[in-house]
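Dropping my_file24.cif in here (mmCIF, C-alpha atoms):
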```
data_upload
#
loop_
_atom_site.label_atom_id
_atom_site.label_comp_id
_atom_site.auth_asym_id
_atom_site.auth_seq_id
_atom_site.Cartn_x
_atom_site.Cartn_y
_atom_site.Cartn_z
CA MET A 1 186.92 53.10 168.34
CA TYR A 2 183.27 53.08 169.37
CA ALA A 3 180.66 54.02 166.80
CA THR A 4 180.12 57.73 166.27
CA ASP A 5 178.14 59.93 163.90
CA TYR A 6 180.04 62.49 161.87
CA HIS A 7 178.65 65.88 160.83
CA ARG A 8 180.37 68.55 158.78
CA ALA A 9 179.49 72.14 159.57
CA SER A 10 179.94 74.99 157.10
CA SER A 11 179.35 77.83 159.56
CA VAL A 12 179.86 78.52 163.26
CA GLN A 13 176.10 78.73 163.85
CA GLU A 14 175.48 75.44 162.07
CA ALA A 15 178.15 73.75 164.19
CA VAL A 16 176.70 75.10 167.43
CA ASN A 17 173.19 73.98 166.41
CA LEU A 18 174.41 70.55 165.36
CA LEU A 19 176.20 69.96 168.65
CA SER A 20 173.38 71.21 170.85
CA SER A 21 170.93 68.74 169.30
CA ARG A 22 173.09 65.68 169.99
CA PRO A 23 173.37 63.64 173.20
CA VAL A 24 177.14 63.60 173.78
CA GLY A 25 178.71 65.50 170.93
CA LYS A 26 182.21 66.86 170.52
CA TYR A 27 183.66 69.46 168.20
CA LEU A 28 186.33 67.97 165.95
CA ALA A 29 189.07 70.32 164.76
CA GLY A 30 192.31 68.72 163.56
CA GLY A 31 191.58 65.64 165.66
CA MET A 32 195.21 65.06 166.56
CA THR A 33 194.26 64.39 170.17
CA LEU A 34 190.58 63.52 169.87
CA ILE A 35 190.83 60.82 167.19
CA ALA A 36 193.82 59.22 168.95
CA THR A 37 191.86 59.28 172.22
CA MET A 38 188.79 57.75 170.57
CA LYS A 39 190.92 55.00 169.06
CA GLN A 40 192.01 54.06 172.56
CA ARG A 41 188.37 54.18 173.71
CA LEU A 42 189.24 56.86 176.24
CA ALA A 43 186.62 59.08 174.62
CA ALA A 44 183.39 57.96 173.02
CA PRO A 45 181.39 60.92 171.72
CA SER A 46 178.07 60.00 170.13
CA ASP A 47 178.59 62.68 167.51
CA LEU A 48 181.45 64.62 165.99
CA VAL A 49 180.94 68.06 164.47
CA ASP A 50 183.81 68.79 162.08
CA LEU A 51 185.01 72.42 162.15
CA ARG A 52 187.67 72.17 159.45
CA HIS A 53 185.39 73.42 156.70
CA ILE A 54 184.21 76.64 158.32
CA PRO A 55 185.89 79.52 156.46
CA ASP A 56 185.42 82.00 159.37
CA LEU A 57 187.59 79.86 161.64
CA LYS A 58 190.61 79.90 159.37
CA GLY A 59 193.43 82.27 158.67
CA ILE A 60 195.79 84.73 160.29
CA ALA A 61 195.16 88.49 160.23
CA VAL A 62 197.80 90.99 161.33
CA GLU A 63 196.87 94.68 161.40
CA GLY A 64 199.60 96.81 162.87
CA ARG A 65 200.32 95.12 166.20
CA LYS A 66 196.91 93.45 166.44
CA VAL A 67 196.83 89.74 165.64
CA ARG A 68 193.90 87.41 165.10
CA ILE A 69 194.42 83.70 164.51
CA GLY A 70 191.34 81.71 163.48
CA ALA A 71 190.71 78.76 165.78
CA ALA A 72 190.94 76.16 162.99
CA THR A 73 194.29 77.44 161.72
CA PRO A 74 196.78 74.56 161.70
CA HIS A 75 200.12 74.78 163.51
CA SER A 76 202.04 74.63 160.22
CA ASP A 77 200.29 77.80 158.99
CA VAL A 78 201.19 79.64 162.20
CA ALA A 79 204.77 78.36 162.01
CA GLY A 80 205.13 79.48 158.40
CA SER A 81 203.28 82.81 158.52
CA ALA A 82 205.47 85.67 157.27
CA ALA A 83 203.04 88.22 158.75
CA LEU A 84 203.32 86.64 162.22
CA GLN A 85 207.06 86.20 161.88
CA ALA A 86 207.33 89.97 161.39
CA VAL A 87 205.51 90.91 164.62
CA CYS A 88 205.84 87.90 166.95
CA PRO A 89 208.38 85.31 165.78
CA ALA A 90 208.17 83.49 169.12
CA ILE A 91 204.72 82.09 168.31
CA CYS A 92 206.00 80.81 164.94
CA HIS A 93 208.91 79.12 166.68
CA LEU A 94 206.57 77.55 169.24
CA ALA A 95 204.07 76.31 166.63
CA GLY A 96 206.87 74.84 164.52
CA ARG A 97 207.98 72.62 167.38
CA ILE A 98 204.63 71.04 168.24
CA GLY A 99 204.54 67.28 167.62
CA ASP A 100 205.83 66.43 164.15
CA PRO A 101 205.21 67.83 160.64
CA HIS A 102 202.18 65.63 159.99
CA VAL A 103 200.56 66.58 163.28
CA ARG A 104 201.27 70.26 162.55
CA HIS A 105 199.46 69.98 159.22
CA MET A 106 196.24 68.92 160.96
CA GLY A 107 196.33 70.14 164.59
CA THR A 108 194.83 73.56 165.31
CA ILE A 109 195.35 76.32 167.87
CA GLY A 110 191.70 76.21 168.92
CA GLY A 111 191.77 72.46 169.37
CA SER A 112 194.96 72.62 171.40
CA ILE A 113 193.79 75.22 173.90
CA ALA A 114 190.29 73.74 174.20
CA ASN A 115 191.92 70.44 175.15
CA ASN A 116 194.36 72.20 177.54
CA ASP A 117 196.77 69.31 177.84
CA PRO A 118 199.13 70.20 180.72
CA ALA A 119 202.14 69.46 178.46
CA ALA A 120 200.90 71.22 175.31
CA ASP A 121 202.75 74.23 173.90
CA TYR A 122 199.93 76.57 172.87
CA PRO A 123 198.58 77.22 176.39
CA ALA A 124 201.98 78.76 177.21
CA VAL A 125 201.87 81.31 174.40
CA VAL A 126 198.19 82.18 174.93
CA LEU A 127 198.76 82.78 178.65
CA GLY A 128 202.25 84.21 178.12
CA LEU A 129 200.96 86.89 175.74
CA GLY A 130 197.84 87.63 177.76
CA ALA A 131 195.84 86.76 174.66
CA THR A 132 192.07 86.75 174.40
CA VAL A 133 190.15 83.60 173.57
CA VAL A 134 187.17 84.52 171.39
CA THR A 135 184.23 82.11 171.35
CA ASP A 136 180.86 81.98 169.62
CA ARG A 137 179.37 83.88 172.57
CA ARG A 138 182.05 85.96 174.40
CA SER A 139 185.69 86.93 174.82
CA ILE A 140 187.67 85.24 177.59
CA PRO A 141 191.00 86.65 178.87
CA ALA A 142 193.72 83.99 178.94
CA ASP A 143 194.08 84.50 182.70
CA ASP A 144 190.52 83.20 183.15
CA PHE A 145 190.55 80.58 180.40
CA PHE A 146 192.83 77.80 181.66
CA THR A 147 191.28 76.40 184.83
CA GLY A 148 193.09 73.10 185.44
CA LEU A 149 194.24 69.82 183.89
CA PHE A 150 192.32 69.47 180.63
CA GLU A 151 189.87 72.03 182.06
CA THR A 152 188.93 75.41 180.62
CA ALA A 153 186.32 78.11 181.16
CA LEU A 154 184.42 76.90 178.09
CA GLU A 155 180.77 76.15 178.75
CA GLU A 156 178.88 73.19 177.35
CA GLY A 157 178.74 73.53 173.58
CA GLU A 158 180.80 76.74 173.52
CA MET A 159 183.19 76.97 170.57
CA ILE A 160 186.47 78.84 170.26
CA THR A 161 186.47 80.91 167.07
CA ALA A 162 189.77 82.80 167.35
CA VAL A 163 192.71 83.84 169.50
CA THR A 164 193.59 87.53 169.47
CA PHE A 165 196.50 89.42 171.00
CA GLU A 166 198.61 92.52 170.81
CA ALA A 167 202.07 91.70 169.47
CA PRO A 168 204.65 92.01 172.26
CA GLU A 169 207.83 94.11 172.13
CA LYS A 170 209.85 91.04 173.08
CA ALA A 171 208.95 87.37 173.43
CA GLY A 172 210.66 84.00 173.54
CA TYR A 173 209.83 80.35 174.11
CA ALA A 174 211.98 77.43 175.14
CA LYS A 175 210.94 73.91 175.94
CA PHE A 176 212.63 70.79 177.17
CA ASP A 177 210.78 68.11 175.35
CA ASN A 178 210.14 64.55 176.32
CA PRO A 179 212.49 62.59 174.07
CA ALA A 180 209.75 60.16 173.06
CA SER A 181 206.56 62.21 172.77
CA ARG A 182 208.02 65.71 172.19
CA PHE A 183 205.48 67.08 174.63
CA ALA A 184 206.98 69.66 176.97
CA MET A 185 208.46 68.40 180.24
CA ALA A 186 208.86 72.10 180.88
CA GLY A 187 208.16 74.94 178.47
CA VAL A 188 208.45 78.62 179.33
CA PHE A 189 207.10 81.56 177.34
CA VAL A 190 208.31 85.04 178.29
CA SER A 191 207.00 88.31 176.91
CA ARG A 192 207.26 92.04 177.48
CA GLY A 193 204.50 94.21 176.10
CA ALA A 194 202.13 97.08 176.80
CA ASP A 195 200.73 95.29 179.85
CA GLY A 196 204.12 94.44 181.29
CA VAL A 197 206.05 91.22 181.64
CA ARG A 198 204.49 87.78 181.58
CA VAL A 199 206.06 84.38 182.20
CA ALA A 200 203.92 81.32 181.46
CA VAL A 201 204.99 77.76 182.21
CA THR A 202 203.62 74.62 180.57
CA GLY A 203 204.45 70.94 180.99
CA ALA A 204 205.55 71.34 184.58
CA GLY A 205 202.60 72.39 186.73
CA ALA A 206 200.37 69.78 188.35
CA ASP A 207 197.37 71.98 187.51
CA GLY A 208 198.48 72.74 183.97
CA VAL A 209 199.80 76.01 182.56
CA PHE A 210 200.55 78.78 185.10
CA ARG A 211 202.22 82.18 185.45
CA HIS A 212 205.32 82.50 187.59
CA ASN A 213 204.99 85.67 189.63
CA GLY A 214 208.53 85.64 190.99
CA MET A 215 210.11 85.54 187.56
CA GLU A 216 207.68 88.16 186.23
CA ALA A 217 208.66 90.57 189.02
CA ALA A 218 212.37 89.97 188.46
CA LEU A 219 212.13 90.50 184.70
CA ALA A 220 209.92 93.57 185.14
CA SER A 221 212.70 95.28 187.09
CA SER A 222 215.44 94.02 184.75
CA TRP A 223 214.73 92.34 181.42
CA SER A 224 217.67 89.93 181.28
CA SER A 225 218.52 86.28 181.90
CA ASP A 226 220.75 87.38 184.77
CA ALA A 227 217.72 88.76 186.60
CA LEU A 228 216.54 85.15 186.98
CA ALA A 229 219.76 84.00 188.66
CA ASN A 230 218.48 84.32 192.22
CA ILE A 231 214.90 83.24 191.58
CA ALA A 232 213.91 80.02 193.31
CA VAL A 233 211.34 77.88 191.52
CA ASP A 234 209.38 75.94 194.11
CA SER A 235 208.90 72.25 193.35
CA ALA A 236 205.60 72.21 195.26
CA GLY A 237 202.82 72.05 192.71
CA MET A 238 205.04 70.58 190.01
CA LEU A 239 204.12 67.42 188.15
CA SER A 240 205.99 64.33 189.22
CA ASP A 241 205.92 61.26 187.01
CA LEU A 242 208.14 58.59 185.49
CA HIS A 243 209.63 61.15 183.08
CA ALA A 244 210.77 63.63 185.71
CA ASP A 245 210.15 64.28 189.37
CA ALA A 246 208.97 67.60 190.77
CA GLU A 247 212.44 68.83 191.76
CA TYR A 248 213.82 68.10 188.31
CA ARG A 249 210.92 69.90 186.65
CA ALA A 250 211.37 72.91 188.92
CA ASN A 251 214.98 73.12 187.82
CA LEU A 252 213.96 72.73 184.18
CA VAL A 253 211.54 75.64 184.50
CA LYS A 254 214.33 77.96 185.53
CA VAL A 255 216.66 76.72 182.81
CA MET A 256 213.96 77.04 180.14
CA ALA A 257 213.09 80.53 181.37
CA LYS A 258 216.71 81.59 180.86
CA ARG A 259 216.75 80.04 177.39
CA ALA A 260 213.46 81.74 176.53
CA MET A 261 215.00 85.05 177.59
CA ALA A 262 218.03 84.36 175.39
CA ALA A 263 215.67 83.69 172.49
CA ALA A 264 213.65 86.83 173.21
CA GLY A 265 216.73 89.04 173.20
CA MET B 1 177.18 54.83 157.25
CA ALA B 2 178.88 57.54 155.28
CA LYS B 3 179.59 57.95 151.61
CA VAL B 4 183.18 58.97 151.10
CA THR B 5 184.40 60.44 147.83
CA LEU B 6 188.08 61.14 147.28
CA VAL B 7 190.45 61.79 144.43
CA VAL B 8 193.15 59.20 145.08
CA ASN B 9 196.24 59.21 142.91
CA GLY B 10 194.36 61.18 140.27
CA ARG B 11 191.30 58.91 140.18
CA THR B 12 187.92 59.79 141.70
CA VAL B 13 186.81 57.01 144.01
CA SER B 14 183.75 56.55 146.24
CA GLY B 15 182.83 54.07 148.90
CA GLU B 16 180.50 53.49 151.81
CA CYS B 17 181.94 53.06 155.26
CA GLU B 18 181.13 53.51 158.91
CA ASP B 19 181.73 57.04 160.18
CA ARG B 20 184.40 55.69 162.52
CA MET B 21 186.50 54.10 159.78
CA LEU B 22 190.01 55.55 159.63
CA LEU B 23 191.34 56.90 156.35
CA VAL B 24 194.17 54.34 156.36
CA HIS B 25 191.69 51.46 156.55
CA PHE B 26 189.57 53.00 153.80
CA ILE B 27 192.67 53.24 151.59
CA ARG B 28 193.83 49.71 152.34
CA GLU B 29 190.57 47.80 152.64
CA LYS B 30 188.11 49.66 150.43
CA LEU B 31 190.53 50.78 147.74
CA GLY B 32 192.96 47.87 147.98
CA LEU B 33 195.97 50.19 148.11
CA THR B 34 198.06 48.34 150.66
CA GLY B 35 201.26 50.32 150.17
CA THR B 36 200.16 52.59 153.03
CA HIS B 37 200.98 50.77 156.27
CA VAL B 38 199.68 50.73 159.82
CA GLY B 39 202.67 50.54 162.13
CA CYS B 40 201.72 51.63 165.60
CA ASP B 41 198.08 52.71 165.49
CA THR B 42 198.88 55.34 168.11
CA THR B 43 199.78 58.27 165.85
CA GLN B 44 203.49 57.95 166.47
CA CYS B 45 205.28 55.91 163.81
CA GLY B 46 204.36 57.58 160.50
CA ALA B 47 204.12 54.38 158.42
CA CYS B 48 200.63 55.55 157.36
CA VAL B 49 201.68 58.97 155.99
CA VAL B 50 199.86 60.05 152.82
CA HIS B 51 199.36 63.47 151.28
CA MET B 52 195.95 65.08 151.72
CA ASP B 53 195.38 68.25 149.70
CA GLY B 54 199.12 68.60 149.25
CA ARG B 55 200.19 68.11 152.86
CA SER B 56 201.59 65.07 154.63
CA VAL B 57 199.19 63.62 157.20
CA LYS B 58 198.93 60.48 159.33
CA SER B 59 196.06 58.56 157.77
CA CYS B 60 195.63 56.49 160.94
CA SER B 61 194.52 59.62 162.79
CA ILE B 62 191.96 60.94 160.33
CA LEU B 63 188.52 59.50 159.69
CA ALA B 64 187.81 58.59 156.08
CA VAL B 65 184.69 60.75 156.25
CA GLN B 66 186.79 63.70 157.47
CA ALA B 67 188.91 63.38 154.34
CA SER B 68 185.92 63.12 152.00
CA GLY B 69 186.14 65.69 149.22
CA SER B 70 189.91 65.95 149.39
CA THR B 71 192.71 64.90 147.09
CA VAL B 72 194.91 62.11 148.41
CA THR B 73 198.22 60.80 147.16
CA THR B 74 199.51 57.48 148.41
CA ILE B 75 202.83 55.75 147.75
CA GLU B 76 201.22 54.03 144.75
CA GLY B 77 200.60 57.44 143.21
CA LEU B 78 204.26 58.46 143.14
CA ALA B 79 205.29 56.22 140.25
CA PRO B 80 202.24 55.92 138.03
CA GLN B 81 204.21 55.02 134.92
CA GLY B 82 206.26 52.39 136.71
CA GLU B 83 209.39 54.50 136.80
CA LEU B 84 210.59 55.20 140.34
CA HIS B 85 210.04 58.68 141.73
CA PRO B 86 213.41 60.40 142.40
CA VAL B 87 212.90 59.92 146.16
CA GLN B 88 212.22 56.20 145.69
CA ALA B 89 215.26 55.89 143.43
CA ALA B 90 217.40 57.66 146.03
CA PHE B 91 216.19 55.32 148.81
CA LYS B 92 217.20 52.38 146.60
CA GLU B 93 220.55 53.88 145.65
CA HIS B 94 221.51 54.85 149.22
CA HIS B 95 220.10 51.77 150.93
CA GLY B 96 217.58 53.89 152.84
CA LEU B 97 215.60 50.83 153.87
CA GLN B 98 216.09 47.41 155.30
CA CYS B 99 212.83 45.65 156.16
CA GLY B 100 210.87 48.29 154.26
CA PHE B 101 207.88 48.54 156.58
CA CYS B 102 208.32 52.23 157.37
CA THR B 103 209.45 53.08 153.84
CA PRO B 104 206.13 54.22 152.31
CA GLY B 105 205.70 56.74 155.14
CA MET B 106 209.35 57.79 154.96
CA VAL B 107 209.13 58.34 151.21
CA MET B 108 205.85 60.29 151.41
CA THR B 109 207.34 62.43 154.18
CA ALA B 110 210.50 63.07 152.16
CA VAL B 111 208.46 64.06 149.10
CA ASP B 112 206.41 66.49 151.22
CA MET B 113 209.63 67.96 152.65
CA ILE B 114 211.13 68.46 149.20
CA ASN B 115 207.85 69.82 147.79
CA HIS B 116 207.71 72.51 150.47
CA HIS B 117 211.35 73.18 151.30
CA GLY B 118 213.14 71.75 148.28
CA GLY B 119 216.63 73.03 147.61
CA ASN B 120 216.96 74.32 151.19
CA LEU B 121 217.31 71.02 153.01
CA ASP B 122 220.33 70.04 155.04
CA GLU B 123 220.98 67.17 157.42
CA ALA B 124 219.52 68.96 160.43
CA SER B 125 216.32 70.04 158.69
CA ILE B 126 215.82 66.56 157.25
CA ARG B 127 216.26 64.95 160.65
CA ALA B 128 213.75 67.44 162.10
CA GLY B 129 211.39 66.73 159.21
CA LEU B 130 211.56 62.99 159.93
CA GLU B 131 210.49 63.59 163.53
CA GLY B 132 207.15 61.86 162.96
CA ASN B 133 208.51 58.76 161.24
CA ILE B 134 210.08 55.88 163.09
CA CYS B 135 212.45 53.33 161.53
CA ARG B 136 213.71 50.43 163.62
CA CYS B 137 216.28 49.11 161.13
CA THR B 138 218.41 51.74 159.49
CA GLY B 139 219.42 54.12 162.24
CA TYR B 140 218.22 56.86 159.86
CA HIS B 141 221.65 57.71 158.40
CA ASN B 142 220.96 56.26 154.97
CA ILE B 143 217.46 57.69 154.93
CA VAL B 144 218.91 61.15 155.53
CA LYS B 145 221.49 60.55 152.77
CA ALA B 146 218.72 59.47 150.39
CA VAL B 147 216.59 62.54 151.09
CA LEU B 148 219.61 64.83 150.62
CA ALA B 149 220.43 63.14 147.31
CA ALA B 150 216.81 63.28 146.10
CA ASP B 151 216.58 66.94 147.06
CA ALA B 152 219.71 67.74 145.07
CA GLU B 153 218.48 65.65 142.14
CA MET B 154 215.03 67.27 142.10
CA ALA B 155 216.41 70.81 142.52
CA GLY B 156 218.77 70.13 139.62
CA ALA B 157 215.93 68.76 137.51
CA GLY B 158 213.88 71.86 138.33
CA ARG B 159 216.74 74.12 137.25
CA ARG B 160 217.20 72.11 134.05
CA GLN B 161 213.48 72.36 133.35
CA ALA B 162 213.48 76.10 134.00
CA ALA B 163 216.45 76.55 131.66
CA GLU B 164 214.76 74.68 128.81
#
```

Mind converting the file's structure to structure tokens?
Amino acid sequence: MYATDYHRASSVQEAVNLLSSRPVGKYLAGGMTLIATMKQRLAAPSDLVDLRHIPDLKGIAVEGRKVRIGAATPHSDVAGSAALQAVCPAICHLAGRIGDPHVRHMGTIGGSIANNDPAADYPAVVLGLGATVVTDRRSIPADDFFTGLFETALEEGEMITAVTFEAPEKAGYAKFDNPASRFAMAGVFVSRGADGVRVAVTGAGADGVFRHNGMEAALASSWSSDALANIAVDSAGMLSDLHADAEYRANLVKVMAKRAMAAAG
Amino acid sequence: MAKVTLVVNGRTVSGECEDRMLLVHFIREKLGLTGTHVGCDTTQCGACVVHMDGRSVKSCSILAVQASGSTVTTIEGLAPQGELHPVQAAFKEHHGLQCGFCTPGMVMTAVDMINHHGGNLDEASIRAGLEGNICRCTGYHNIVKAVLAADAEMAGAGRRQAAE
């Protein structure tokens, strides 16, 4: 790892100020991707601004059907939240299958979506619920947030503070994980809520997480696994690598969508 | 340079290190606690697992300065009086190790599992809980047996304690 300077912020404003005064700074949440990347010298930020000690960024609030998850909330807290389990068990299931227990104790929802790894789980639930990404300066709808491989709508120095959403009537997630890394080779999140049906796919798209319009239309007219039987998932635009080629991933997307529907009930 | 202060195995310790120093290297090189191992250095193998503020973490993927102010338990902290912790005793009894390199991480992971889900563990949940720990000798079967036995032993001890 190259040399770096560490700073610990105790408030959102302090973190924003710290980062803006440094040459090439990065926010550090759980660090489960960033530290590993720095160790491999694939990233070399001059400064790190640690967000783990900012009280405003932590915790899960559920009021009626409205949910707010602080950006620095670790995956294990989301997985084990009784309040979330009561209104949206699918997000608990998803969070409980990210990485391994030790990674889930450190990794955060804000860190995951800011990184926007094309095989990460959280982008699927954020897009699949039509959630809102709240930052230190604005609110960004999920549909506008994820813009490509490891790319988001975040501006320079902008910090995610929370993810908010309306709990869906039904939701489910299924992923086919890479047997070595446990990242998704295809992961599908389905939901039905006030704004209709959403189907978000992670791990498979060459441009990262995306919505599948064909499956959304089919499930909007009939909310059942059978409704997906005649849907064709196009392999164009799918990732193709040594783990799985595009055709295989396209097939996985359909299979995972059916399993997600079975989980959603 | 950063000043790092931790409570490690019940003792408050401080040391100076570069900001980029990993917690595992701080534990091994600055504190001389070499029971915590570095296996892969790529956040995959779990040989470096310690507890930080009561949760299992991979100390190769956390900066020492990030951990500053927290309470850390390493494998050395499990048996302070020299008597094996029930999980260590179960690993010995059930031959849950061969070369032993992964064992500190396995044991710390098992203790975390039992601390948080004790009494409710079964083979499937133990195997899922060991997801972040790699062993190249045992094939995991005896590790799973050891964790099951330790869980039963510790749940029994808890019930005995509650009854007294």

With the PyMOL selection byres ((chain B) within 9 of (chain A)) as the selection, what would be picked from this file? Answer as a PyMOL selection string, please. chain B and resi 1-2+18-21+41-44+46+49+55-58+60-63+65-66+109+128-133

So what do you get for CA of Ala186 in chain A versus CA of Ala174 in chain A, distance-wise?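 These two atoms are separated by 8.4 Å.
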
Return as a PyMOL selection string the set of residues that the PyMOL selection byres ((chain A and resi 111-115) around 10) yields on the displayed structure. chain A and resi 27-34+51+71-75+107-110+116-118+120-124+126+133+145-146+149-154+158-160+163

Can you list, as a ChimeraX atom specification, the residues that the PyMOL selection byres ((chain B and resi 76) around 10) selects here? /B:8-9,33-36,73-75,77-80,82,104

Please identify all polymer residues within 12 Å of Ala246 in chain A, counting all atoms listed in the file, omitting same-chain residues fewer than 6 positions from it, and present them as a PyMOL selection string. chain A and resi 185-186+203-206+233-240+252-253

Do you know which residues are at most 8 Å from range 139-147 of chain B counting only C-alpha atoms, after dropping those on the same chain fewer than 3 positions away, and could you put them as a PyMOL selection string? chain B and resi 87+90-91+93-97+110+123+126-127+135-136+150-151

Contacts of His93 in chain A at 12 Å or less, counting all atoms listed in the file, minus same-chain residues fewer than 4 places along, as a PyMOL selection string? chain A and resi 75-82+84-85+88-89+97-98+121-122+125+171-175+189+260+263-264

Using all atoms listed in the file, which protein or nucleic acid residues come within 7 Å of Val24 in chain A? Drop anything in the same chain fewer than 2 positions from it, and give the result as a list in words. Arg22, Lys26, Pro45, Ser46 and Asp47 of chain A

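Coordinates place CA of Ile69 in chain A at a distance of 20.2 Å from CA of Arg198 in chain A.
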
Listed atoms of range 137-154 of chain B, axis-aligned box, 4 Å per side: centre and edge lengths to one decimal in Å, as JSON?
```
{"center_x": 218.3, "center_y": 58.4, "center_z": 152.2, "size_x": 14.6, "size_y": 26.6, "size_z": 28.1}
```
